[in-house]
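Raw model-v1.txt, compact mmCIF, C-alpha atoms:
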```txt
# COMPACT_ATOMS: atom_id res chain seq x y z
CA ASN A 248 0.44 -7.78 -18.72
CA ALA A 249 2.97 -8.15 -15.89
CA GLY A 250 2.69 -4.74 -14.14
CA VAL A 251 5.20 -4.71 -11.26
CA THR A 252 7.44 -7.76 -10.92
CA GLN A 253 9.50 -8.48 -7.81
CA THR A 254 12.19 -11.09 -7.33
CA PRO A 255 12.74 -13.17 -5.34
CA LYS A 256 9.40 -14.11 -3.76
CA PHE A 257 11.00 -15.58 -0.63
CA GLN A 258 14.45 -15.24 0.94
CA VAL A 259 16.09 -16.37 4.15
CA LEU A 260 19.27 -14.62 5.24
CA LYS A 261 21.61 -14.95 8.17
CA THR A 262 22.41 -11.86 10.20
CA GLY A 263 25.13 -9.86 8.45
CA GLN A 264 24.52 -11.22 4.97
CA SER A 265 23.69 -8.90 2.12
CA MET A 266 21.17 -9.14 -0.68
CA THR A 267 19.40 -7.11 -3.34
CA LEU A 268 15.69 -7.16 -4.00
CA GLN A 269 14.81 -6.54 -7.60
CA CYS A 270 11.79 -4.68 -8.98
CA ALA A 271 10.76 -3.94 -12.55
CA GLN A 272 7.65 -2.31 -14.01
CA ASP A 273 6.42 -2.37 -17.57
CA MET A 274 3.85 0.45 -17.37
CA ASN A 275 6.26 3.27 -18.29
CA HIS A 276 5.71 4.82 -14.88
CA ASN A 277 7.95 7.62 -13.73
CA SER A 278 7.89 6.99 -9.97
CA MET A 279 8.83 3.90 -8.00
CA TYR A 280 8.73 3.01 -4.31
CA TRP A 281 9.86 0.45 -1.75
CA TYR A 282 7.62 -0.28 1.24
CA ARG A 283 7.88 -2.73 4.07
CA GLN A 284 4.86 -4.34 5.70
CA ASP A 285 4.95 -5.57 9.28
CA PRO A 286 2.06 -7.00 11.31
CA GLY A 287 0.02 -4.23 12.92
CA MET A 288 2.16 -1.52 11.31
CA GLY A 289 0.60 -1.13 7.89
CA LEU A 290 2.94 -0.08 5.08
CA ARG A 291 5.92 2.14 5.70
CA LEU A 292 7.90 3.82 2.95
CA ILE A 293 11.60 2.94 2.86
CA TYR A 294 12.83 4.81 -0.23
CA TYR A 295 11.31 6.22 -3.36
CA SER A 296 12.33 7.49 -6.74
CA ALA A 297 10.15 10.30 -8.03
CA SER A 298 11.71 10.06 -11.47
CA GLU A 299 14.57 8.32 -13.22
CA GLY A 300 17.86 9.55 -11.80
CA THR A 301 16.51 10.58 -8.39
CA THR A 302 16.08 8.73 -5.11
CA ASP A 303 14.95 9.93 -1.70
CA LYS A 304 14.54 8.55 1.80
CA GLY A 305 11.16 7.64 3.13
CA GLU A 306 10.01 7.01 6.66
CA VAL A 307 12.31 4.06 7.51
CA PRO A 308 15.48 4.19 5.35
CA ASN A 309 18.09 3.02 7.87
CA GLY A 310 19.88 -0.17 6.85
CA TYR A 311 18.83 0.07 3.20
CA ASN A 312 20.14 1.50 -0.05
CA VAL A 313 18.43 1.81 -3.42
CA SER A 314 19.36 2.16 -7.06
CA ARG A 315 17.14 3.43 -9.84
CA LEU A 316 18.88 1.51 -12.59
CA ASN A 317 16.71 2.91 -15.39
CA LYS A 318 13.09 3.92 -15.81
CA ARG A 319 11.88 0.33 -15.44
CA GLU A 320 13.99 -0.97 -12.56
CA PHE A 321 14.39 0.01 -8.91
CA SER A 322 16.40 -2.23 -6.57
CA LEU A 323 16.63 -2.34 -2.79
CA ARG A 324 19.84 -3.48 -1.11
CA LEU A 325 20.41 -4.70 2.41
CA GLU A 326 24.16 -4.43 3.07
CA SER A 327 24.20 -6.22 6.43
CA ALA A 328 20.88 -7.83 7.24
CA ALA A 329 19.48 -7.69 10.77
CA PRO A 330 16.58 -9.62 12.33
CA SER A 331 14.65 -6.32 12.55
CA GLN A 332 14.57 -6.34 8.75
CA THR A 333 12.44 -9.48 8.70
CA SER A 334 9.40 -8.25 6.82
CA VAL A 335 7.43 -8.37 3.60
CA TYR A 336 8.80 -5.92 1.07
CA PHE A 337 6.65 -4.37 -1.63
CA CYS A 338 7.72 -2.46 -4.67
CA ALA A 339 5.22 -0.07 -6.22
CA SER A 340 5.09 2.34 -9.11
CA SER A 341 2.96 5.30 -10.13
CA GLU A 342 2.59 7.32 -13.29
CA SER A 343 3.79 10.48 -11.61
CA PRO A 344 5.04 11.50 -8.17
CA GLY A 345 2.55 12.77 -5.68
CA PRO A 346 -0.29 11.15 -3.79
CA ASN A 347 -2.83 11.85 -6.52
CA SER A 348 -1.27 9.18 -8.71
CA PRO A 349 -2.45 5.72 -7.57
CA LEU A 350 0.13 3.10 -6.72
CA HIS A 351 0.52 -0.23 -8.51
CA PHE A 352 2.07 -2.91 -6.32
CA GLY A 353 4.09 -6.03 -6.92
CA ASN A 354 3.30 -9.26 -5.09
CA GLY A 355 6.00 -8.80 -2.48
CA THR A 356 9.18 -10.44 -1.22
CA ARG A 357 8.96 -12.23 2.10
CA LEU A 358 12.34 -11.88 3.84
CA THR A 359 13.38 -13.67 7.00
CA VAL A 360 16.63 -12.77 8.75
CA THR A 361 17.84 -15.30 11.33
CA ALA B 219 1.38 15.82 8.69
CA GLN B 220 -1.58 13.66 7.86
CA SER B 221 -2.54 10.46 9.66
CA VAL B 222 -5.00 7.61 9.16
CA THR B 223 -6.83 5.49 11.73
CA GLN B 224 -8.60 2.25 10.98
CA PRO B 225 -10.28 1.50 14.30
CA ASP B 226 -11.08 -2.15 13.58
CA ILE B 227 -8.18 -4.59 13.36
CA HIS B 228 -10.49 -7.53 12.52
CA ILE B 229 -14.07 -7.66 11.28
CA THR B 230 -16.13 -10.81 10.75
CA VAL B 231 -19.26 -10.75 8.61
CA SER B 232 -21.46 -13.47 7.19
CA GLU B 233 -21.51 -14.08 3.47
CA GLY B 234 -24.30 -12.04 1.93
CA ALA B 235 -24.37 -9.50 4.76
CA SER B 236 -23.52 -5.84 4.33
CA LEU B 237 -20.10 -4.46 5.20
CA GLU B 238 -18.75 -1.17 6.45
CA LEU B 239 -15.06 -0.63 7.19
CA ARG B 240 -14.16 2.53 9.03
CA CYS B 241 -11.42 5.00 8.19
CA ASN B 242 -10.72 8.29 9.93
CA TYR B 243 -8.08 10.72 8.78
CA SER B 244 -6.39 13.78 10.12
CA TYR B 245 -5.47 16.49 7.66
CA GLY B 246 -6.02 20.23 7.56
CA ALA B 247 -7.38 20.55 4.04
CA THR B 248 -9.21 18.32 1.58
CA PRO B 249 -7.13 15.18 1.24
CA TYR B 250 -6.72 12.58 -1.43
CA LEU B 251 -8.26 9.37 -0.06
CA PHE B 252 -7.82 5.79 -1.15
CA TRP B 253 -8.89 2.27 -0.28
CA TYR B 254 -6.63 -0.63 -1.21
CA VAL B 255 -7.27 -4.37 -0.83
CA GLN B 256 -4.65 -7.05 -0.24
CA SER B 257 -5.56 -10.68 -0.87
CA PRO B 258 -3.41 -13.33 0.83
CA GLY B 259 0.05 -13.52 -0.70
CA GLN B 260 -0.62 -10.64 -3.06
CA GLY B 261 0.27 -7.00 -3.34
CA LEU B 262 -2.19 -4.19 -2.76
CA GLN B 263 -4.79 -3.36 -5.37
CA LEU B 264 -6.60 -0.04 -5.63
CA LEU B 265 -10.34 -0.33 -4.89
CA LEU B 266 -11.33 3.32 -5.22
CA LYS B 267 -10.14 6.87 -4.72
CA TYR B 268 -11.53 10.29 -3.81
CA PHE B 269 -9.94 13.50 -5.00
CA SER B 270 -12.81 15.98 -5.18
CA GLY B 271 -16.42 16.38 -6.28
CA ASP B 272 -19.11 13.82 -5.53
CA THR B 273 -18.51 12.54 -2.01
CA LEU B 274 -19.82 9.05 -2.82
CA VAL B 275 -17.35 7.19 -4.98
CA GLN B 276 -17.76 3.84 -6.66
CA GLY B 277 -14.96 1.36 -7.00
CA ILE B 278 -14.23 -2.07 -8.33
CA LYS B 279 -15.76 -5.31 -7.05
CA GLY B 280 -18.98 -3.57 -5.97
CA PHE B 281 -17.38 -1.39 -3.28
CA GLU B 282 -18.20 2.23 -2.57
CA ALA B 283 -16.96 4.81 -0.07
CA GLU B 284 -18.31 8.08 1.22
CA PHE B 285 -16.20 11.09 2.11
CA LYS B 286 -17.62 12.97 5.10
CA ARG B 287 -15.64 16.10 5.79
CA SER B 288 -17.49 16.89 9.02
CA GLN B 289 -16.54 13.51 10.46
CA SER B 290 -13.08 13.26 8.82
CA SER B 291 -14.11 9.85 7.61
CA PHE B 292 -13.94 7.81 4.43
CA ASN B 293 -15.76 4.56 5.21
CA LEU B 294 -15.83 1.66 2.78
CA ARG B 295 -19.10 -0.18 2.15
CA LYS B 296 -20.45 -3.13 0.23
CA PRO B 297 -24.11 -4.18 0.24
CA SER B 298 -23.49 -7.94 0.12
CA VAL B 299 -20.11 -9.57 0.71
CA HIS B 300 -18.82 -12.66 -1.02
CA TRP B 301 -16.34 -15.19 0.35
CA SER B 302 -13.76 -13.84 -2.09
CA ASP B 303 -13.85 -10.47 -0.28
CA ALA B 304 -11.89 -11.96 2.62
CA ALA B 305 -8.70 -9.90 2.61
CA GLU B 306 -6.83 -7.08 4.31
CA TYR B 307 -8.12 -3.58 3.58
CA PHE B 308 -6.04 -0.45 3.83
CA CYS B 309 -7.18 3.15 3.87
CA ALA B 310 -4.65 5.75 2.75
CA VAL B 311 -4.52 9.54 2.75
CA GLY B 312 -2.41 11.95 0.77
CA ALA B 313 -1.93 15.69 0.93
CA GLN B 314 -2.90 17.71 -2.10
CA GLY B 315 0.29 19.11 -3.51
CA GLY B 316 2.31 16.59 -1.56
CA GLY B 317 5.38 14.88 -2.90
CA ALA B 318 5.97 11.28 -3.85
CA ASP B 319 6.37 10.41 -0.19
CA GLY B 320 3.07 12.01 0.68
CA LEU B 321 0.86 8.93 1.07
CA THR B 322 0.12 7.60 4.56
CA PHE B 323 -1.44 4.17 5.07
CA GLY B 324 -3.59 2.97 7.92
CA LYS B 325 -2.66 -0.22 9.72
CA GLY B 326 -5.30 -2.24 7.96
CA THR B 327 -8.52 -4.12 8.74
CA HIS B 328 -8.59 -7.87 8.32
CA LEU B 329 -11.95 -8.98 6.93
CA ILE B 330 -13.14 -12.51 7.69
CA ILE B 331 -16.17 -13.93 5.88
CA GLN B 332 -18.26 -16.56 7.65
CA PRO B 333 -20.17 -19.04 5.49
```
Before we go any further, please render this structure as structure tokens.
Amino acid sequence: NAGVTQTPKFQVLKTGQSMTLQCAQDMNHNSMYWYRQDPGMGLRLIYYSASEGTTDKGEVPNGYNVSRLNKREFSLRLESAAPSQTSVYFCASSESPGPNSPLHFGNGTRLTVT
Amino acid sequence: AQSVTQPDIHITVSEGASLELRCNYSYGATPYLFWYVQSPGQGLQLLLKYFSGDTLVQGIKGFEAEFKRSQSSFNLRKPSVHWSDAAEYFCAVGAQGGGADGLTFGKGTHLIIQP
């Protein structure tokens, strides 16, 4: 019973490099999310996909792009990484959009940009 | 827009002692309220939620929380903590009728358990 799976678990990038964080869920959820977690800041929403075929910006979208590849998969791309993007990234999913549908989180990707 | 305040960044309690973690929210109507727990190296897991009805809600792992509208609070409690409860705890608030981006998290409270 995997739930939400994120790859990779750890990544180190040099400034200017690009990478894609992968996320897949096996719960047949409609909505998927990308958050970043920084010390003392809690979780901040980067992008979300309310349903397959749609994506929208969250609170901190600058420097990121997303793709909802199909119902299961939602990827986050950093085109030109910056040290300010050093963070722990969490993917989450929910059965339906809206705050009344609890989130299910992956275990995170710890990204360091040097 | 709604907001969440968790006044305590760190809390230390002895194993077996009772626990209360504070959460205050700002929202004009009745909100959706959540507590999540994050163990080291893990993602967040839902402990409990309040949508409506009985203001005392029970969650997993022996936790409960009470919604107090007059105080705009949703404090998390546990009668007797175990060493495995050491973790980061996040309160979150959502607006009824809000969209998929409608959940706001607090900054978290780090719980330390003393033997």
### Query
For chain A, which residues have at least one atom within 12 Å of chain B, if we go by only C-alpha atoms? Write them as an MDAnalysis selection string, please.
chainID A and resid 250:253 256:257 277:298 301:307 335:357
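One distance worth recording is that between atom CA of Ser221 of chain B and atom CA of Lys296 of chain B, which is 24.4 Å.
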### Query
Looking at all atoms listed in the file, which of A:Met274, A:Gly310, A:Ala329, A:Glu320 is the one that sits closest to Thr361 of chain A?
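Of A:Met274, A:Gly310, A:Ala329, A:Glu320, the one nearest Thr361 of chain A is A:Ala329, counting all atoms listed in the file.
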Might I get the box with edges along x, y and z of the file that holds all atoms of segment 224-240 of chain B listed there, padded by 8 Å on every side, given as centre and edge lengths in Å to one decimal, as JSON?
```
{"center_x": -16.3, "center_y": -5.8, "center_z": 8.1, "size_x": 32.2, "size_y": 32.6, "size_z": 28.4}
```
### Task
Mind listing whatever residues come within 7 Å of the point (18.9, 7.4, -11.9)? Use all atoms listed in the file, file coordinates, and give them as a PyMOL selection string.
chain A and resi 299-301+315-317
#### Entry: Length of the atom CA of Pro225 of chain B to atom CA of Asn242 of chain B vector [Å]
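Spanning atom CA of Pro225 of chain B to atom CA of Asn242 of chain B is a straight-line distance of 8.1 Å.
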### Task
Please provide the set of residues having any atom within 7 Å of Thr254 of chain A, restricted to all atoms listed in the file, with same-chain residues fewer than 4 positions apart removed, written as number ranges by chain.
A: 268-270, 356
So that I can check the surroundings of Glu326 of chain A, please list as a PDB file with C-alpha atoms, in the coordinates of the input every protein, DNA and RNA residue that reaches within 12 Å of it, counting all atoms listed in the file and ignoring chain neighbours fewer than 5 positions away.
```
ATOM      1  CA  LEU A 260      19.270 -14.620   5.240  1.00  0.00           C
ATOM      2  CA  LYS A 261      21.610 -14.950   8.170  1.00  0.00           C
ATOM      3  CA  THR A 262      22.410 -11.860  10.200  1.00  0.00           C
ATOM      4  CA  GLY A 263      25.130  -9.860   8.450  1.00  0.00           C
ATOM      5  CA  GLN A 264      24.520 -11.220   4.970  1.00  0.00           C
ATOM      6  CA  SER A 265      23.690  -8.900   2.120  1.00  0.00           C
ATOM      7  CA  MET A 266      21.170  -9.140  -0.680  1.00  0.00           C
ATOM      8  CA  THR A 267      19.400  -7.110  -3.340  1.00  0.00           C
ATOM      9  CA  LEU A 268      15.690  -7.160  -4.000  1.00  0.00           C
ATOM     10  CA  ASN A 309      18.090   3.020   7.870  1.00  0.00           C
ATOM     11  CA  GLY A 310      19.880  -0.170   6.850  1.00  0.00           C
ATOM     12  CA  TYR A 311      18.830   0.070   3.200  1.00  0.00           C
ATOM     13  CA  ASN A 312      20.140   1.500  -0.050  1.00  0.00           C
ATOM     14  CA  VAL A 313      18.430   1.810  -3.420  1.00  0.00           C
ATOM     15  CA  GLN A 332      14.570  -6.340   8.750  1.00  0.00           C
TER      16      GLN A 332
END
```
